[in-house]
>>> print(open('query-v1.txt').read())   # compact mmCIF, C-alpha atoms
# COMPACT_ATOMS: atom_id res chain seq x y z
CA MET E 130 -33.16 13.53 11.25
CA SER E 131 -30.85 16.49 11.96
CA ASP E 132 -29.36 17.15 15.38
CA GLN E 133 -31.65 20.17 15.82
CA HIS E 134 -34.77 18.15 14.99
CA ARG E 135 -33.64 15.28 17.18
CA ALA E 136 -33.09 17.68 20.09
CA LYS E 137 -36.68 18.94 19.71
CA ALA E 138 -37.97 15.36 19.69
CA GLU E 139 -36.01 14.56 22.85
CA VAL E 140 -37.42 17.65 24.59
CA ALA E 141 -40.93 16.48 23.66
CA ALA E 142 -40.19 12.99 25.00
CA TRP E 143 -38.91 14.37 28.30
CA LEU E 144 -41.94 16.68 28.55
CA GLY E 145 -44.19 13.64 28.11
CA ILE E 146 -42.28 11.73 30.78
CA VAL E 147 -42.50 14.51 33.36
CA GLY E 148 -46.16 15.22 32.59
CA ASN E 149 -47.19 11.58 32.71
CA VAL E 150 -45.32 10.88 35.94
CA GLY E 151 -47.14 13.78 37.59
CA LEU E 152 -50.55 12.79 36.22
CA ALA E 153 -50.11 9.09 37.00
CA ALA E 154 -49.11 9.86 40.59
CA LEU E 155 -51.94 12.36 41.06
CA LYS E 156 -54.61 10.08 39.57
CA GLY E 157 -53.27 7.03 41.38
CA VAL E 158 -53.31 8.66 44.83
CA VAL E 159 -56.67 10.37 44.34
CA GLY E 160 -58.15 7.24 42.74
CA TRP E 161 -57.11 5.16 45.75
CA LEU E 162 -58.37 7.75 48.27
CA ALA E 163 -61.61 8.28 46.35
CA GLY E 164 -62.18 4.56 45.82
CA SER E 165 -62.53 4.91 42.04
CA LYS E 166 -61.74 1.91 39.83
CA ALA E 167 -62.03 4.11 36.74
CA LEU E 168 -59.54 6.69 38.01
CA LEU E 169 -57.08 3.98 39.06
CA ALA E 170 -57.36 2.49 35.58
CA ASP E 171 -56.77 5.93 34.10
CA ALA E 172 -53.68 6.30 36.30
CA ALA E 173 -52.36 2.99 34.97
CA HIS E 174 -52.90 4.27 31.45
CA SER E 175 -50.86 7.38 32.21
CA ALA E 176 -48.15 5.21 33.77
CA SER E 177 -47.92 3.22 30.53
CA ASP E 178 -47.40 6.52 28.70
CA VAL E 179 -44.35 7.15 30.91
CA ILE E 180 -42.81 3.91 29.70
CA GLY E 181 -43.83 4.79 26.16
CA SER E 182 -42.08 8.16 26.30
CA LEU E 183 -38.96 6.49 27.71
CA ALA E 184 -39.01 3.97 24.85
CA VAL E 185 -39.26 6.79 22.31
CA LEU E 186 -36.36 8.59 24.00
CA ILE E 187 -34.23 5.44 23.90
CA GLY E 188 -35.14 4.97 20.25
CA LEU E 189 -34.11 8.54 19.40
CA LYS E 190 -30.79 8.07 21.18
CA ALA E 191 -30.11 4.81 19.37
CA ALA E 192 -31.17 6.19 15.98
CA GLN E 193 -28.45 8.86 16.09
CA LEU E 194 -25.65 6.32 16.50
CA PRO E 195 -23.35 6.31 13.47
CA PRO E 196 -23.25 3.32 11.09
CA ASP E 197 -20.94 0.47 12.03
CA GLU E 198 -19.92 -2.92 10.66
CA ASP E 199 -23.06 -4.62 11.96
CA HIS E 200 -25.36 -1.73 11.00
CA PRO E 201 -23.94 -0.21 7.79
CA TYR E 202 -27.19 1.67 7.12
CA GLY E 203 -27.38 3.19 10.57
CA HIS E 204 -29.79 2.52 13.43
CA GLY E 205 -32.96 3.99 11.93
CA LYS E 206 -35.08 1.02 12.98
CA ALA E 207 -34.45 1.72 16.66
CA GLU E 208 -37.55 3.91 16.83
CA SER E 209 -39.68 1.14 15.33
CA ILE E 210 -38.37 -1.32 17.91
CA SER E 211 -39.10 1.13 20.72
CA ALA E 212 -42.63 1.61 19.36
CA ILE E 213 -43.14 -2.17 19.47
CA VAL E 214 -42.12 -2.15 23.14
CA VAL E 215 -44.67 0.61 23.77
CA SER E 216 -47.39 -1.39 22.04
CA ILE E 217 -46.74 -4.56 24.04
CA LEU E 218 -46.80 -2.59 27.29
CA LEU E 219 -50.10 -0.98 26.32
CA ILE E 220 -51.66 -4.38 25.65
CA LEU E 221 -50.48 -5.76 29.00
CA VAL E 222 -51.80 -2.72 30.88
CA GLY E 223 -55.13 -2.89 29.06
CA PHE E 224 -55.52 -6.54 29.99
CA GLU E 225 -54.82 -5.87 33.68
CA ILE E 226 -57.31 -3.00 33.75
CA GLY E 227 -60.02 -5.17 32.21
CA VAL E 228 -59.45 -7.99 34.72
CA SER E 229 -59.66 -5.55 37.63
CA ALA E 230 -62.93 -4.08 36.34
CA ILE E 231 -64.50 -7.51 35.83
CA LYS E 232 -63.55 -8.51 39.39
CA ALA E 233 -65.37 -5.41 40.67
CA PHE E 234 -68.55 -6.54 38.89
CA ILE E 235 -68.24 -10.03 40.34
CA HIS E 236 -67.64 -8.93 43.92
CA GLY E 237 -70.15 -6.08 43.81
CA VAL E 238 -69.90 -2.31 44.33
CA THR E 239 -71.26 -1.01 47.63
CA GLU E 240 -70.33 2.67 47.49
CA PRO E 241 -69.54 5.33 44.90
CA PRO E 242 -66.17 7.08 44.50
CA ARG E 243 -65.64 10.48 46.12
CA SER E 244 -66.76 13.46 44.03
CA TYR E 245 -63.36 15.23 44.16
CA ALA E 246 -62.08 12.58 41.73
CA LEU E 247 -63.92 14.52 39.01
CA ILE E 248 -61.64 17.54 39.52
CA VAL E 249 -58.50 15.45 38.95
CA ILE E 250 -59.98 13.83 35.85
CA THR E 251 -60.80 17.25 34.39
CA ILE E 252 -57.22 18.41 34.95
CA SER E 253 -55.97 15.24 33.28
CA ILE E 254 -58.14 15.73 30.19
CA PHE E 255 -56.82 19.22 29.51
CA ALA E 256 -53.20 18.31 30.25
CA LYS E 257 -53.21 15.24 28.01
CA GLU E 258 -54.86 17.07 25.11
CA ILE E 259 -52.17 19.76 25.28
CA LEU E 260 -49.47 17.08 25.21
CA PHE E 261 -51.15 15.35 22.27
CA GLN E 262 -51.39 18.50 20.17
CA TYR E 263 -47.77 19.44 20.90
CA LYS E 264 -46.26 16.01 20.16
CA TYR E 265 -48.45 15.26 17.14
CA ARG E 266 -47.63 18.55 15.42
CA LEU E 267 -43.93 18.18 16.24
CA GLY E 268 -43.90 14.54 15.07
CA LYS E 269 -45.44 15.56 11.73
CA LYS E 270 -42.92 18.36 11.35
CA LEU E 271 -39.94 16.13 12.15
CA GLY E 272 -41.25 13.07 10.31
CA SER E 273 -40.90 10.91 13.44
CA LYS E 274 -43.50 8.13 13.51
CA ALA E 275 -42.42 7.06 16.99
CA LEU E 276 -43.16 10.57 18.29
CA ILE E 277 -46.52 10.55 16.50
CA ALA E 278 -47.31 7.13 18.01
CA ASN E 279 -46.43 8.50 21.43
CA ALA E 280 -48.72 11.48 20.78
CA TRP E 281 -51.63 9.14 20.04
CA GLU E 282 -51.06 7.53 23.44
CA HIS E 283 -51.82 10.93 24.95
CA ARG E 284 -54.99 11.14 22.86
CA SER E 285 -56.04 7.66 24.00
CA ASP E 286 -55.47 8.86 27.55
CA VAL E 287 -57.86 11.74 26.86
CA TYR E 288 -60.51 9.22 25.80
CA SER E 289 -59.86 7.08 28.85
CA SER E 290 -60.15 10.15 31.10
CA LEU E 291 -63.45 11.07 29.45
CA ALA E 292 -64.70 7.54 30.10
CA ALA E 293 -63.50 7.76 33.69
CA PHE E 294 -65.28 11.10 34.09
CA ALA E 295 -68.53 9.57 32.83
CA GLY E 296 -68.15 6.55 35.11
CA VAL E 297 -67.26 8.50 38.23
CA GLY E 298 -69.83 11.21 37.50
CA GLY E 299 -72.57 8.64 36.98
CA ALA E 300 -71.69 6.83 40.19
CA VAL E 301 -71.66 10.08 42.17
CA LEU E 302 -74.97 11.07 40.61
CA GLY E 303 -76.37 7.69 41.63
CA HIS E 304 -75.39 8.39 45.24
CA TRP E 305 -77.15 11.77 45.18
CA MET E 306 -80.27 10.25 43.60
CA GLY E 307 -80.30 7.20 45.87
CA MET E 308 -79.72 4.77 42.99
CA PRO E 309 -76.98 2.28 44.04
CA SER E 310 -77.19 0.53 40.68
CA LEU E 311 -75.37 3.50 39.14
CA TYR E 312 -72.32 2.68 41.29
CA TYR E 313 -71.42 0.08 38.68
CA LEU E 314 -70.75 2.84 36.16
CA ASP E 315 -67.35 3.33 37.77
CA PRO E 316 -65.98 -0.21 37.08
CA ALA E 317 -67.83 -0.15 33.74
CA ALA E 318 -65.78 2.89 32.78
CA GLY E 319 -62.65 1.02 33.90
CA LEU E 320 -63.54 -1.84 31.56
CA PHE E 321 -64.13 0.59 28.71
CA VAL E 322 -60.72 2.15 29.32
CA SER E 323 -59.13 -1.29 29.10
CA LEU E 324 -60.72 -1.84 25.68
CA LEU E 325 -59.37 1.50 24.48
CA VAL E 326 -55.89 0.58 25.67
CA LEU E 327 -56.04 -2.84 24.00
CA LYS E 328 -57.23 -1.35 20.72
CA MET E 329 -54.52 1.31 20.71
CA GLY E 330 -51.85 -1.22 21.62
CA TYR E 331 -52.89 -3.56 18.80
CA LYS E 332 -52.94 -0.74 16.25
CA LEU E 333 -49.50 0.52 17.26
CA ILE E 334 -47.87 -2.90 17.27
CA MET E 335 -49.13 -3.69 13.76
CA GLU E 336 -47.87 -0.36 12.43
CA SER E 337 -44.53 -0.78 14.17
CA ILE E 338 -43.99 -4.30 12.83
CA HIS E 339 -44.76 -2.98 9.34
CA ASP E 340 -42.17 -0.22 9.75
CA THR E 341 -39.40 -2.63 10.78
CA MET E 342 -39.58 -4.30 7.35
CA ASP E 343 -37.80 -2.59 4.47
CA HIS E 344 -40.09 -1.81 1.56
CA VAL E 345 -39.98 0.51 -1.41
CA LEU E 346 -42.06 3.68 -1.30
CA HIS E 347 -45.03 3.84 -3.63
CA HIS E 348 -44.66 5.85 -6.84
CA GLU E 349 -46.68 8.80 -5.58
CA GLU E 350 -44.59 8.98 -2.40
CA ALA E 351 -41.26 8.92 -4.27
CA ASP E 352 -42.44 11.31 -7.00
CA GLU E 353 -41.65 14.39 -4.92
CA LEU E 354 -38.09 13.14 -4.41
CA LEU E 355 -37.72 12.54 -8.14
CA LYS E 356 -38.94 16.01 -9.09
CA ALA E 357 -36.59 17.62 -6.55
CA VAL E 358 -33.57 15.81 -8.05
CA GLN E 359 -34.58 16.79 -11.59
CA ARG E 360 -34.45 20.48 -10.59
CA VAL E 361 -30.85 20.31 -9.35
CA PRO E 362 -28.53 22.30 -11.68
CA GLY E 363 -26.28 19.97 -13.66
CA VAL E 364 -28.67 17.03 -13.62
CA ILE E 365 -29.79 16.37 -17.21
CA ALA E 366 -31.96 13.35 -16.40
CA VAL E 367 -32.81 11.00 -13.56
CA ASP E 368 -32.26 7.47 -14.88
CA SER E 369 -33.80 5.79 -11.84
CA LEU E 370 -34.77 6.55 -8.27
CA ARG E 371 -35.65 4.04 -5.60
CA ALA E 372 -36.58 5.06 -2.08
CA ARG E 373 -36.98 2.40 0.58
CA GLU E 374 -38.06 2.75 4.17
CA HIS E 375 -35.52 1.86 6.82
CA GLY E 376 -37.51 1.93 10.05
CA HIS E 377 -39.10 5.37 10.24
CA TYR E 378 -36.61 6.85 7.80
CA VAL E 379 -35.97 6.59 4.06
CA ILE E 380 -32.84 5.60 2.12
CA VAL E 381 -32.67 6.86 -1.46
CA ASP E 382 -30.80 5.18 -4.34
CA VAL E 383 -30.66 7.41 -7.41
CA LYS E 384 -28.92 7.33 -10.78
CA ILE E 385 -28.45 10.66 -12.55
CA SER E 386 -27.10 11.60 -15.97
CA VAL E 387 -24.79 14.58 -16.42
CA ASN E 388 -22.91 16.19 -19.30
CA PRO E 389 -20.35 13.59 -20.44
CA ARG E 390 -17.83 16.36 -21.30
CA ILE E 391 -17.48 17.71 -17.76
CA SER E 392 -14.73 16.52 -15.42
CA VAL E 393 -15.09 13.78 -12.83
CA MET E 394 -14.80 16.42 -10.11
CA GLU E 395 -17.66 18.45 -11.59
CA GLY E 396 -19.84 15.32 -11.77
CA HIS E 397 -18.95 14.57 -8.17
CA ASP E 398 -19.93 18.11 -7.14
CA ILE E 399 -23.35 17.67 -8.79
CA ALA E 400 -23.86 14.40 -6.91
CA LYS E 401 -22.90 16.10 -3.63
CA HIS E 402 -25.42 18.85 -4.36
CA VAL E 403 -28.16 16.28 -4.99
CA LYS E 404 -27.39 14.44 -1.76
CA HIS E 405 -27.22 17.62 0.32
CA MET E 406 -30.52 18.83 -1.12
CA LEU E 407 -32.35 15.58 -0.35
CA LEU E 408 -30.99 15.33 3.20
CA THR E 409 -31.82 18.94 4.09
CA ARG E 410 -35.14 19.33 2.30
CA PHE E 411 -36.67 15.98 3.24
CA ILE E 412 -36.19 15.38 6.97
CA HIS E 413 -37.31 11.75 6.72
CA VAL E 414 -34.42 10.92 4.34
CA SER E 415 -31.53 9.46 6.35
CA ASP E 416 -29.08 8.57 3.57
CA VAL E 417 -28.63 8.95 -0.19
CA PHE E 418 -26.60 6.81 -2.61
CA ILE E 419 -25.90 8.38 -6.01
CA HIS E 420 -24.53 6.89 -9.21
CA VAL E 421 -23.46 9.36 -11.90
CA ASN E 422 -23.87 8.36 -15.56
CA PRO E 423 -22.75 10.21 -18.70
CA TYR E 424 -25.76 11.52 -20.55
CA ASP E 425 -26.58 9.47 -23.67
CA PRO E 426 -28.69 11.44 -26.19
CA GLY E 427 -29.81 8.19 -27.81
CA TYR E 428 -31.27 6.79 -24.60
CA PRO E 429 -35.12 6.49 -24.45
CA TYR E 430 -35.44 9.35 -21.97
CA LYS E 431 -34.21 11.65 -24.77
CA ASN E 432 -37.78 11.62 -26.08
CA ASN E 433 -38.99 13.93 -23.33
CA VAL E 434 -36.04 16.32 -23.53
CA ASP E 435 -36.46 19.69 -25.19
CA SER E 436 -35.30 19.32 -28.79
CA GLU E 437 -33.89 22.84 -28.74
CA GLN E 438 -31.60 21.97 -25.85
CA ASP E 439 -27.93 21.42 -26.76
CA ASP E 440 -26.85 17.83 -27.05
CA PHE E 441 -24.35 18.40 -24.26
CA PRO E 442 -25.60 21.06 -21.88
CA SER E 443 -23.21 22.87 -19.60
CA LEU E 444 -22.85 22.10 -15.91
CA LEU E 445 -25.48 24.69 -15.03
CA HIS E 446 -27.75 23.94 -17.98
>>> encode(input="query-v1.txt", output="structure tokens")
Amino acid sequence: MSDQHRAKAEVAAWLGIVGNVGLAALKGVVGWLAGSKALLADAAHSASDVIGSLAVLIGLKAAQLPPDEDHPYGHGKAESISAIVVSILLILVGFEIGVSAIKAFIHGVTEPPRSYALIVITISIFAKEILFQYKYRLGKKLGSKALIANAWEHRSDVYSSLAAFAGVGGAVLGHWMGMPSLYYLDPAAGLFVSLLVLKMGYKLIMESIHDTMDHVLHHEEADELLKAVQRVPGVIAVDSLRAREHGHYVIVDVKISVNPRISVMEGHDIAKHVKHMLLTRFIHVSDVFIHVNPYDPGYPYKNNVDSEQDDFPSLLH
């Protein structure tokens, strides 16, 4: 990820932190004053997003550290580790919310929450959806899975706010209609929110664990990289290309064949061109290792080479 892209990701992370702190504080205070279990649960969900945004920010900072003796391939997995932290926190918060809601059912609900809680929930829904759209689109553009994961936390907060709205609205409606049984919709919404949090936490932790393990990209995923290298002037053939995931980023190992009659310096320049192209065109590629071979016209790949092409093409074809 380039410095410019990383700066945009950090701005998005800070925006999420500031927005979630404000929403968590607002929903927490109003939820306590209004006596709404659902709104308090929703506030806890927003608070977990604050920690999640901080984890993403820490991951982005760590990922830009240069390679060292202990981490020769860089720190690309830092984002995956931060995403695991987010997932664990989500699961813990979801469990606490569920326990609180169940206790409310056991002890009984004698009065509904105040109606002004609905205004705060409405504000939260719109604010969180805006944050989701912004971070999700930016995460896709930058190829940052940690930022995308953080965006989905905002979307899960939208769902939890909708559930809170239904619970609080139903309880308030029960008060107006003289139906105390509807008061239980408020803690029921809190329990539903806890299930959403647990589900999201489980999904994120499984994806994050998968991303921490190096594995080779599937053929269809690496095909675009291969075609891009083949179009670089001076590259006669791509002998092999392997792309493996390193955290949320990709490391490419490629062997290219060039005109055997050119100088070592010219072959080196072609390799530099290939590396620069991959790093600038594909933002998820963090490093490229290139081996330059002399083109052998008798090699099997000669079968798919134009027969009218010279046996030893020039540097620029």
>>> residues_near_point(input="query-v1.txt", point="(-56.0, 11.3, 15.5)", cutoff="10 Å", atoms="all atoms listed in the file", output="JSON list (two decimals) with C-alpha atoms, keeping the file's coordinate frame")
[["chain", "number", "residue", "atom", "x", "y", "z"],
["E", 261, "PHE", "CA", -51.15, 15.35, 22.27],
["E", 262, "GLN", "CA", -51.39, 18.50, 20.17],
["E", 265, "TYR", "CA", -48.45, 15.26, 17.14],
["E", 277, "ILE", "CA", -46.52, 10.55, 16.50],
["E", 278, "ALA", "CA", -47.31, 7.13, 18.01],
["E", 280, "ALA", "CA", -48.72, 11.48, 20.78],
["E", 281, "TRP", "CA", -51.63, 9.14, 20.04],
["E", 284, "ARG", "CA", -54.99, 11.14, 22.86],
["E", 285, "SER", "CA", -56.04, 7.66, 24.00]]
>>> closest_residue(input="query-v1.txt", among="E:Arg266, E:His397, E:His420, E:Lys156", to="Ala172 of chain E", atoms="all atoms listed in the file")
E:Lys156
>>> residues_around(input="query-v1.txt", residues="segment 385-393 of chain E", least_positions_apart="5", cutoff="9 Å", atoms="all atoms listed in the file", output="list in words")
Val358, Gln359, Gly363, Val364, Ile365, Ala366, Val367, Asp368, Ser369, Leu370, Asp398, Ile399, Ala400, Ile419, His420, Val421, Asn422, Pro423, Tyr424, Asp425, Asp440, Phe441, Pro442, Ser443 and Leu444 of chain E
>>> closest_residue(input="query-v1.txt", among="E:Val287, E:Ile250, E:Val238, E:Met335", to="Tyr313 of chain E", atoms="all atoms listed in the file")
E:Val238
>>> atom_distance(input="query-v1.txt", atom1="atom CA of Arg360 of chain E", atom2="atom CA of Val414 of chain E")
17.7 Å
>>> closest_residue(input="query-v1.txt", among="E:Ala163, E:Leu311, E:Leu260, E:Val322", to="Leu144 of chain E", atoms="all atoms listed in the file")
E:Leu260
>>> closest_residue(input="query-v1.txt", among="E:Leu276, E:Ala295, E:Leu219, E:Leu271", to="Thr251 of chain E", atoms="all atoms listed in the file")
E:Ala295
>>> residues_around(input="query-v1.txt", residues="Ile220 of chain E", least_positions_apart="3", cutoff="9 Å", atoms="only C-alpha atoms", output="list in words")
Val215, Ser216, Ile217, Gly223, Phe224, Glu225, Ser323, Val326, Leu327, Lys328, Met329, Gly330 and Tyr331 of chain E
>>> atom_distance(input="query-v1.txt", atom1="atom CA of Ile254 of chain E", atom2="atom CA of Leu168 of chain E")
12.0 Å
>>> closest_residue(input="query-v1.txt", among="E:Ile146, E:Lys166, E:Phe418, E:Val214", to="Ile334 of chain E", atoms="all atoms listed in the file")
E:Val214
>>> atom_distance(input="query-v1.txt", atom1="atom CA of Ala141 of chain E", atom2="atom CA of Asp286 of chain E")
16.9 Å
